[in-house]
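Data block for upload_3.pdb (PDB, C-alpha atoms):
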```pdb
ATOM      1  CA  MET A 286       0.000   0.000   0.000
ATOM      2  CA  LEU A 287       1.229   3.489  -0.864
ATOM      3  CA  GLN A 288       1.419   5.269   2.486
ATOM      4  CA  THR A 289       2.583   8.750   1.472
ATOM      5  CA  ILE A 290      -0.087   9.568  -1.119
ATOM      6  CA  GLU A 291      -2.352  12.564  -0.532
ATOM      7  CA  TRP A 292      -3.600  13.171  -4.085
ATOM      8  CA  ILE A 293      -4.521  10.667  -6.807
ATOM      9  CA  PHE A 294      -4.751  12.060 -10.331
ATOM     10  CA  PHE A 295      -6.521  10.296 -13.170
ATOM     11  CA  ASP A 296      -6.416  10.374 -16.929
ATOM     12  CA  LEU A 297      -9.899  10.123 -18.459
ATOM     13  CA  GLY A 298      -9.959   8.408 -21.870
ATOM     14  CA  SER A 299      -9.433   4.640 -21.626
ATOM     15  CA  THR A 300      -8.804   5.052 -17.894
ATOM     16  CA  LEU A 301     -12.088   6.198 -16.344
ATOM     17  CA  ILE A 302     -13.980   6.696 -19.594
ATOM     18  CA  ASP A 303     -14.740   4.084 -22.274
ATOM     19  CA  GLU A 304     -13.976   5.560 -25.699
ATOM     20  CA  THR A 305     -14.943   2.506 -27.761
ATOM     21  CA  LYS A 306     -17.971   4.049 -29.475
ATOM     22  CA  ALA A 307     -16.243   7.381 -30.111
ATOM     23  CA  ASP A 308     -13.263   5.579 -31.621
ATOM     24  CA  ALA A 309     -15.465   3.469 -33.891
ATOM     25  CA  ARG A 310     -17.348   6.549 -35.069
ATOM     26  CA  ARG A 311     -14.170   8.429 -35.933
ATOM     27  CA  ILE A 312     -12.883   5.473 -37.944
ATOM     28  CA  ARG A 313     -16.205   5.236 -39.832
ATOM     29  CA  GLU A 314     -16.084   8.928 -40.674
ATOM     30  CA  MET A 315     -12.435   8.849 -41.773
ATOM     31  CA  ILE A 316     -12.795   5.885 -44.125
ATOM     32  CA  ALA A 317     -16.198   6.916 -45.531
ATOM     33  CA  GLY A 318     -15.963   7.258 -49.310
ATOM     34  CA  THR A 319     -12.684   5.339 -49.508
ATOM     35  CA  ASN A 320     -11.926   1.715 -50.312
ATOM     36  CA  ILE A 321     -10.330   1.257 -46.884
ATOM     37  CA  SER A 322     -12.164  -1.145 -44.595
ATOM     38  CA  LYS A 323     -12.365  -0.802 -40.834
ATOM     39  CA  GLU A 324     -10.542  -4.110 -40.566
ATOM     40  CA  ALA A 325      -7.675  -2.847 -42.735
ATOM     41  CA  TYR A 326      -7.419   0.380 -40.745
ATOM     42  CA  CYS A 327      -7.370  -1.407 -37.387
ATOM     43  CA  LYS A 328      -4.855  -3.981 -38.639
ATOM     44  CA  LYS A 329      -2.510  -1.198 -39.720
ATOM     45  CA  ARG A 330      -3.043   0.625 -36.425
ATOM     46  CA  PHE A 331      -1.987  -2.411 -34.413
ATOM     47  CA  GLU A 332       0.965  -2.957 -36.728
ATOM     48  CA  MET A 333       2.124   0.587 -35.995
ATOM     49  CA  ILE A 334       1.622   0.103 -32.263
ATOM     50  CA  ARG A 335       3.792  -3.031 -32.339
ATOM     51  CA  ARG A 336       6.482  -0.912 -33.978
ATOM     52  CA  GLY A 337       6.325   1.534 -31.090
ATOM     53  CA  LEU A 338       4.497   4.255 -33.020
ATOM     54  CA  PRO A 339       1.324   6.174 -32.089
ATOM     55  CA  GLY A 340      -1.260   3.873 -33.639
ATOM     56  CA  ASP A 341      -3.890   6.261 -34.939
ATOM     57  CA  GLU A 342      -1.553   9.007 -36.082
ATOM     58  CA  ALA A 343       0.620   6.505 -37.958
ATOM     59  CA  ALA A 344      -2.335   4.721 -39.564
ATOM     60  CA  ILE A 345      -3.933   8.013 -40.616
ATOM     61  CA  ALA A 346      -0.673   9.096 -42.219
ATOM     62  CA  TYR A 347      -0.184   5.712 -43.899
ATOM     63  CA  PHE A 348      -3.638   5.783 -45.517
ATOM     64  CA  GLN A 349      -3.440   9.558 -46.126
ATOM     65  CA  LEU A 350      -6.722  10.120 -44.325
ATOM     66  CA  LYS A 351      -8.067  13.338 -42.895
ATOM     67  CA  LYS A 352      -8.408  13.080 -39.135
ATOM     68  CA  ALA A 353     -12.098  13.256 -38.235
ATOM     69  CA  PRO A 354     -13.402  15.122 -35.164
ATOM     70  CA  TRP A 355     -13.627  13.271 -31.870
ATOM     71  CA  HIS A 356     -17.204  12.908 -30.599
ATOM     72  CA  SER A 357     -16.983  13.113 -26.818
ATOM     73  CA  GLU A 358     -20.743  12.561 -26.573
ATOM     74  CA  GLU A 359     -20.121   8.918 -27.511
ATOM     75  CA  GLU A 360     -18.018   8.336 -24.381
ATOM     76  CA  VAL A 361     -19.320   6.617 -21.242
ATOM     77  CA  PRO A 362     -17.712   5.847 -17.867
ATOM     78  CA  TYR A 363     -16.461   2.338 -17.244
ATOM     79  CA  PRO A 364     -18.709   0.487 -14.772
ATOM     80  CA  ASP A 365     -15.942   0.385 -12.151
ATOM     81  CA  ALA A 366     -15.191   4.127 -12.329
ATOM     82  CA  ALA A 367     -17.758   5.552  -9.909
ATOM     83  CA  PRO A 368     -17.455   2.817  -7.247
ATOM     84  CA  THR A 369     -13.661   3.076  -7.204
ATOM     85  CA  LEU A 370     -13.579   6.875  -7.123
ATOM     86  CA  ASN A 371     -16.139   7.012  -4.337
ATOM     87  CA  GLU A 372     -14.244   4.453  -2.259
ATOM     88  CA  LEU A 373     -10.930   6.279  -2.648
ATOM     89  CA  LYS A 374     -12.615   9.552  -1.713
ATOM     90  CA  ARG A 375     -14.213   7.862   1.315
ATOM     91  CA  ARG A 376     -10.746   6.789   2.427
ATOM     92  CA  GLY A 377      -9.656  10.412   2.511
ATOM     93  CA  TYR A 378      -7.735  10.833  -0.723
ATOM     94  CA  ARG A 379      -8.066  14.000  -2.766
ATOM     95  CA  LEU A 380      -8.836  13.121  -6.367
ATOM     96  CA  GLY A 381      -7.964  15.068  -9.490
ATOM     97  CA  VAL A 382      -7.967  14.850 -13.275
ATOM     98  CA  ILE A 383      -5.025  15.507 -15.595
ATOM     99  CA  ALA A 384      -6.248  14.843 -19.119
ATOM    100  CA  ASN A 385      -6.053  15.829 -22.754
ATOM    101  CA  GLN A 386      -9.664  16.674 -23.492
ATOM    102  CA  ASN A 387     -11.930  18.655 -25.778
ATOM    103  CA  PRO A 388     -13.594  21.701 -24.151
ATOM    104  CA  GLY A 389     -16.311  20.925 -21.609
ATOM    105  CA  THR A 390     -14.625  18.340 -19.381
ATOM    106  CA  GLU A 391     -16.374  19.523 -16.221
ATOM    107  CA  GLN A 392     -19.764  19.443 -17.922
ATOM    108  CA  ARG A 393     -19.189  15.897 -19.172
ATOM    109  CA  LEU A 394     -18.078  14.745 -15.722
ATOM    110  CA  ALA A 395     -21.212  16.321 -14.270
ATOM    111  CA  GLY A 396     -23.341  14.510 -16.858
ATOM    112  CA  TRP A 397     -21.758  11.227 -15.834
ATOM    113  CA  ASN A 398     -22.358  12.020 -12.131
ATOM    114  CA  LEU A 399     -18.601  11.926 -11.456
ATOM    115  CA  ILE A 400     -17.934  15.619 -10.872
ATOM    116  CA  THR A 401     -18.376  15.444  -7.092
ATOM    117  CA  CYS A 402     -15.581  12.868  -6.849
ATOM    118  CA  PHE A 403     -12.947  15.400  -7.862
ATOM    119  CA  SER A 404     -11.355  18.261  -5.986
ATOM    120  CA  GLN A 405      -9.490  19.448  -9.071
ATOM    121  CA  ILE A 406      -9.877  19.095 -12.848
ATOM    122  CA  VAL A 407      -7.004  20.040 -15.142
ATOM    123  CA  ALA A 408      -7.789  19.549 -18.837
ATOM    124  CA  SER A 409      -5.731  20.543 -21.854
ATOM    125  CA  ALA A 410      -8.465  22.519 -23.612
ATOM    126  CA  GLU A 411      -8.856  24.856 -20.647
ATOM    127  CA  THR A 412      -5.225  25.098 -19.528
ATOM    128  CA  GLY A 413      -3.716  25.502 -22.988
ATOM    129  CA  VAL A 414      -1.072  22.841 -22.390
ATOM    130  CA  ALA A 415      -1.352  19.123 -23.132
ATOM    131  CA  LYS A 416       0.269  15.911 -22.008
ATOM    132  CA  PRO A 417       3.017  14.776 -22.232
ATOM    133  CA  ASP A 418       4.221  18.329 -21.509
ATOM    134  CA  PRO A 419       5.304  18.223 -17.851
ATOM    135  CA  ALA A 420       3.893  21.723 -17.413
ATOM    136  CA  ILE A 421       0.339  20.381 -17.141
ATOM    137  CA  PHE A 422       1.420  18.014 -14.361
ATOM    138  CA  ARG A 423       3.320  20.753 -12.535
ATOM    139  CA  TYR A 424       0.300  23.036 -12.818
ATOM    140  CA  ALA A 425      -1.977  20.377 -11.317
ATOM    141  CA  LEU A 426       0.421  19.771  -8.445
ATOM    142  CA  GLN A 427       0.776  23.497  -7.774
ATOM    143  CA  GLN A 428      -2.976  23.974  -7.728
ATOM    144  CA  ALA A 429      -3.309  21.026  -5.354
ATOM    145  CA  HIS A 430      -0.485  22.347  -3.106
ATOM    146  CA  CYS A 431       0.950  18.856  -3.296
ATOM    147  CA  SER A 432       4.486  17.624  -3.915
ATOM    148  CA  ALA A 433       5.097  15.077  -6.655
ATOM    149  CA  GLN A 434       6.242  12.571  -4.031
ATOM    150  CA  ASN A 435       2.815  12.726  -2.380
ATOM    151  CA  ALA A 436       0.861  12.273  -5.599
ATOM    152  CA  ALA A 437      -0.015   9.375  -7.884
ATOM    153  CA  MET A 438      -0.930   9.374 -11.569
ATOM    154  CA  ILE A 439      -3.259   6.731 -13.002
ATOM    155  CA  GLY A 440      -3.399   6.357 -16.775
ATOM    156  CA  ASP A 441      -3.358   4.065 -19.786
ATOM    157  CA  ARG A 442      -0.716   5.815 -21.891
ATOM    158  CA  LEU A 443       2.975   5.176 -21.283
ATOM    159  CA  ASP A 444       3.983   8.267 -23.253
ATOM    160  CA  ASN A 445       1.342  10.710 -22.019
ATOM    161  CA  ASP A 446       0.704   9.542 -18.458
ATOM    162  CA  ILE A 447       3.449   7.329 -17.056
ATOM    163  CA  ALA A 448       6.664   8.832 -18.455
ATOM    164  CA  PRO A 449       6.064  12.516 -17.597
ATOM    165  CA  ALA A 450       4.718  11.645 -14.137
ATOM    166  CA  ASN A 451       7.730   9.414 -13.457
ATOM    167  CA  ARG A 452      10.113  12.196 -14.480
ATOM    168  CA  LEU A 453       8.521  14.518 -11.936
ATOM    169  CA  GLY A 454       8.757  11.939  -9.170
ATOM    170  CA  MET A 455       5.073  11.031  -8.947
ATOM    171  CA  HIS A 456       3.957   7.488  -8.181
ATOM    172  CA  THR A 457       2.594   5.876 -11.338
ATOM    173  CA  VAL A 458      -0.043   3.241 -12.030
ATOM    174  CA  ARG A 459      -0.751   1.986 -15.538
ATOM    175  CA  ILE A 460      -4.160   0.548 -16.340
ATOM    176  CA  LEU A 461      -4.287  -1.920 -19.216
ATOM    177  CA  ARG A 462      -7.176  -0.523 -21.218
ATOM    178  CA  GLY A 463      -7.732   0.691 -24.754
ATOM    179  CA  LEU A 464      -4.961   0.871 -27.328
ATOM    180  CA  GLY A 465      -2.478   1.847 -24.645
ATOM    181  CA  ALA A 466      -2.561  -1.709 -23.330
ATOM    182  CA  TYR A 467      -0.703  -2.875 -26.438
ATOM    183  CA  HIS A 468       2.277  -0.554 -26.041
ATOM    184  CA  GLU A 469       5.501  -1.766 -24.478
ATOM    185  CA  PRO A 470       7.817   0.512 -22.460
ATOM    186  CA  ARG A 471      10.655   1.851 -24.611
ATOM    187  CA  THR A 472      12.528   3.729 -21.871
ATOM    188  CA  LEU A 473      12.896   3.444 -18.109
ATOM    189  CA  ASP A 474      10.657   6.506 -17.757
ATOM    190  CA  GLU A 475       7.814   4.554 -19.360
ATOM    191  CA  VAL A 476       7.954   1.754 -16.792
ATOM    192  CA  PRO A 477       5.113   2.222 -14.269
ATOM    193  CA  ALA A 478       5.527   1.503 -10.590
ATOM    194  CA  TYR A 479       2.362  -0.607 -10.712
ATOM    195  CA  THR A 480       0.179  -2.126 -13.421
ATOM    196  CA  ILE A 481      -3.499  -2.975 -13.011
ATOM    197  CA  ALA A 482      -6.219  -4.423 -15.233
ATOM    198  CA  ALA A 483      -9.217  -2.882 -13.462
ATOM    199  CA  LEU A 484      -9.806   0.306 -11.488
ATOM    200  CA  SER A 485     -11.039  -1.683  -8.499
ATOM    201  CA  GLU A 486      -7.455  -2.908  -8.006
ATOM    202  CA  LEU A 487      -6.542   0.619  -6.892
ATOM    203  CA  CYS A 488      -8.312  -0.122  -3.628
ATOM    204  CA  ASP A 489      -5.611  -2.738  -2.937
ATOM    205  CA  LEU A 490      -2.851  -0.184  -3.556
ATOM    206  CA  PHE A 491      -4.172   2.845  -1.681
TER     207      PHE A 491
END
```
As structure tokens, please, write out the structure in this file.
Amino acid sequence: MLQTIEWIFFDLGSTLIDETKADARRIREMIAGTNISKEAYCKKRFEMIRRGLPGDEAAIAYFQLKKAPWHSEEEVPYPDAAPTLNELKRRGYRLGVIANQNPGTEQRLAGWNLITCFSQIVASAETGVAKPDPAIFRYALQQAHCSAQNAAMIGDRLDNDIAPANRLGMHTVRILRGLGAYHEPRTLDEVPAYTIAALSELCDLF
């Protein structure tokens, strides 16, 4: 159990929030009017991931597609999100968000009935800085009046969540969800302190 933690920060997409439907919609819109099938796109995406590249960006470039807008309204919380957040809050932890998000993060969290779980929400659209820039992590820690050593970062992305948090000295927990689950650490900075498969496992760590 991590004894020194005061704040626990979460990524949103593929960590607390299921992006499956939004991802499928974006793929449909990008390949509409082309001879590229969803199967071919996804196969290429996984091929790029296995090569250590950002899957979507590399596949979009390979097929010379125009990146379609992301539809946040298609996102839904994972079933274990609310119970885990509420239990961690009950135990006395302060909870926050550090996420790359379209505008309206607080409104979406309110719509999902998750807003009351968080004492702080730091999103890229509102702060003007995005992960993996360490500035967004430093800003969140400053606003929380918390040192990196007393904070944990939970996320699915090795590049966006784990590496920058590790460099600042935060405790890191990787959750194996979404496309991020298929990436392998390429540097020591990308190696998380802990790896979990479900949010409920956080209650065994904290």
Target residues per the PyMOL selection byres ((chain A and resi 486-488) around 9), formatted as a PyMOL selection string: chain A and resi 369+372-373+458+481-485+489-491
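Minimum atom-to-atom distance to A:Phe422, evaluated using all atoms listed in the file, belongs to A:Arg452 out of A:Arg393, A:Arg452, A:Lys374, A:Arg442.
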Selected by the PyMOL selection byres ((chain A and resi 296) around 12) in the shown coordinates: which residues, as a short mmCIF file (atom, residue, chain, number, x, y, z; two decimals) with C-alpha atoms, in the frame of the given file?
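Heads up, here's the output in out02.cif:
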```
data_model
loop_
_atom_site.label_atom_id
_atom_site.label_comp_id
_atom_site.auth_asym_id
_atom_site.auth_seq_id
_atom_site.Cartn_x
_atom_site.Cartn_y
_atom_site.Cartn_z
CA ILE A 293 -4.52 10.67 -6.81
CA PHE A 294 -4.75 12.06 -10.33
CA PHE A 295 -6.52 10.30 -13.17
CA LEU A 297 -9.90 10.12 -18.46
CA GLY A 298 -9.96 8.41 -21.87
CA SER A 299 -9.43 4.64 -21.63
CA THR A 300 -8.80 5.05 -17.89
CA LEU A 301 -12.09 6.20 -16.34
CA ILE A 302 -13.98 6.70 -19.59
CA ASP A 303 -14.74 4.08 -22.27
CA ALA A 366 -15.19 4.13 -12.33
CA LEU A 380 -8.84 13.12 -6.37
CA GLY A 381 -7.96 15.07 -9.49
CA VAL A 382 -7.97 14.85 -13.28
CA ILE A 383 -5.03 15.51 -15.60
CA ALA A 384 -6.25 14.84 -19.12
CA ASN A 385 -6.05 15.83 -22.75
CA GLN A 386 -9.66 16.67 -23.49
CA THR A 390 -14.62 18.34 -19.38
CA ILE A 406 -9.88 19.10 -12.85
CA VAL A 407 -7.00 20.04 -15.14
CA ALA A 408 -7.79 19.55 -18.84
CA SER A 409 -5.73 20.54 -21.85
CA ALA A 415 -1.35 19.12 -23.13
CA LYS A 416 0.27 15.91 -22.01
CA PRO A 417 3.02 14.78 -22.23
CA PHE A 422 1.42 18.01 -14.36
CA ALA A 437 -0.02 9.38 -7.88
CA MET A 438 -0.93 9.37 -11.57
CA ILE A 439 -3.26 6.73 -13.00
CA GLY A 440 -3.40 6.36 -16.77
CA ASP A 441 -3.36 4.07 -19.79
CA ARG A 442 -0.72 5.82 -21.89
CA LEU A 443 2.98 5.18 -21.28
CA ASN A 445 1.34 10.71 -22.02
CA ASP A 446 0.70 9.54 -18.46
CA ILE A 447 3.45 7.33 -17.06
CA ALA A 450 4.72 11.64 -14.14
CA THR A 457 2.59 5.88 -11.34
CA VAL A 458 -0.04 3.24 -12.03
CA ARG A 459 -0.75 1.99 -15.54
CA ILE A 460 -4.16 0.55 -16.34
CA ARG A 462 -7.18 -0.52 -21.22
CA LEU A 484 -9.81 0.31 -11.49
#
```
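Between atom CA of A:Tyr424 and atom CA of A:Thr412 lies a distance of 8.9 Å.
Among the candidate residues A:Cys327, A:Ile421, A:Ala429, A:Leu473, the one lying nearest to A:Ser404 is A:Ala429, with distances computed using all atoms listed in the file.
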Nearby residues (all atoms listed in the file) at most 8 Å from stretch 342-349 of chain A, same-chain spacing under 3 positions excluded, as a VMD selection string: chain A and resid 326 329 to 330 333 338 to 339 352
Ground truth for the PyMOL selection byres ((chain A and resi 468) around 7), written as number ranges by chain: A: 334-335, 337, 465-467, 469-470
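Using only C-alpha atoms, the shortest contact distance between A:Asn371 and any of A:Pro388, A:Glu358, A:Arg423, A:Thr401 is found at A:Thr401.
Taking atom CA of A:Phe403 and atom CA of A:Arg375 as the two end points, the separation is 11.9 Å.
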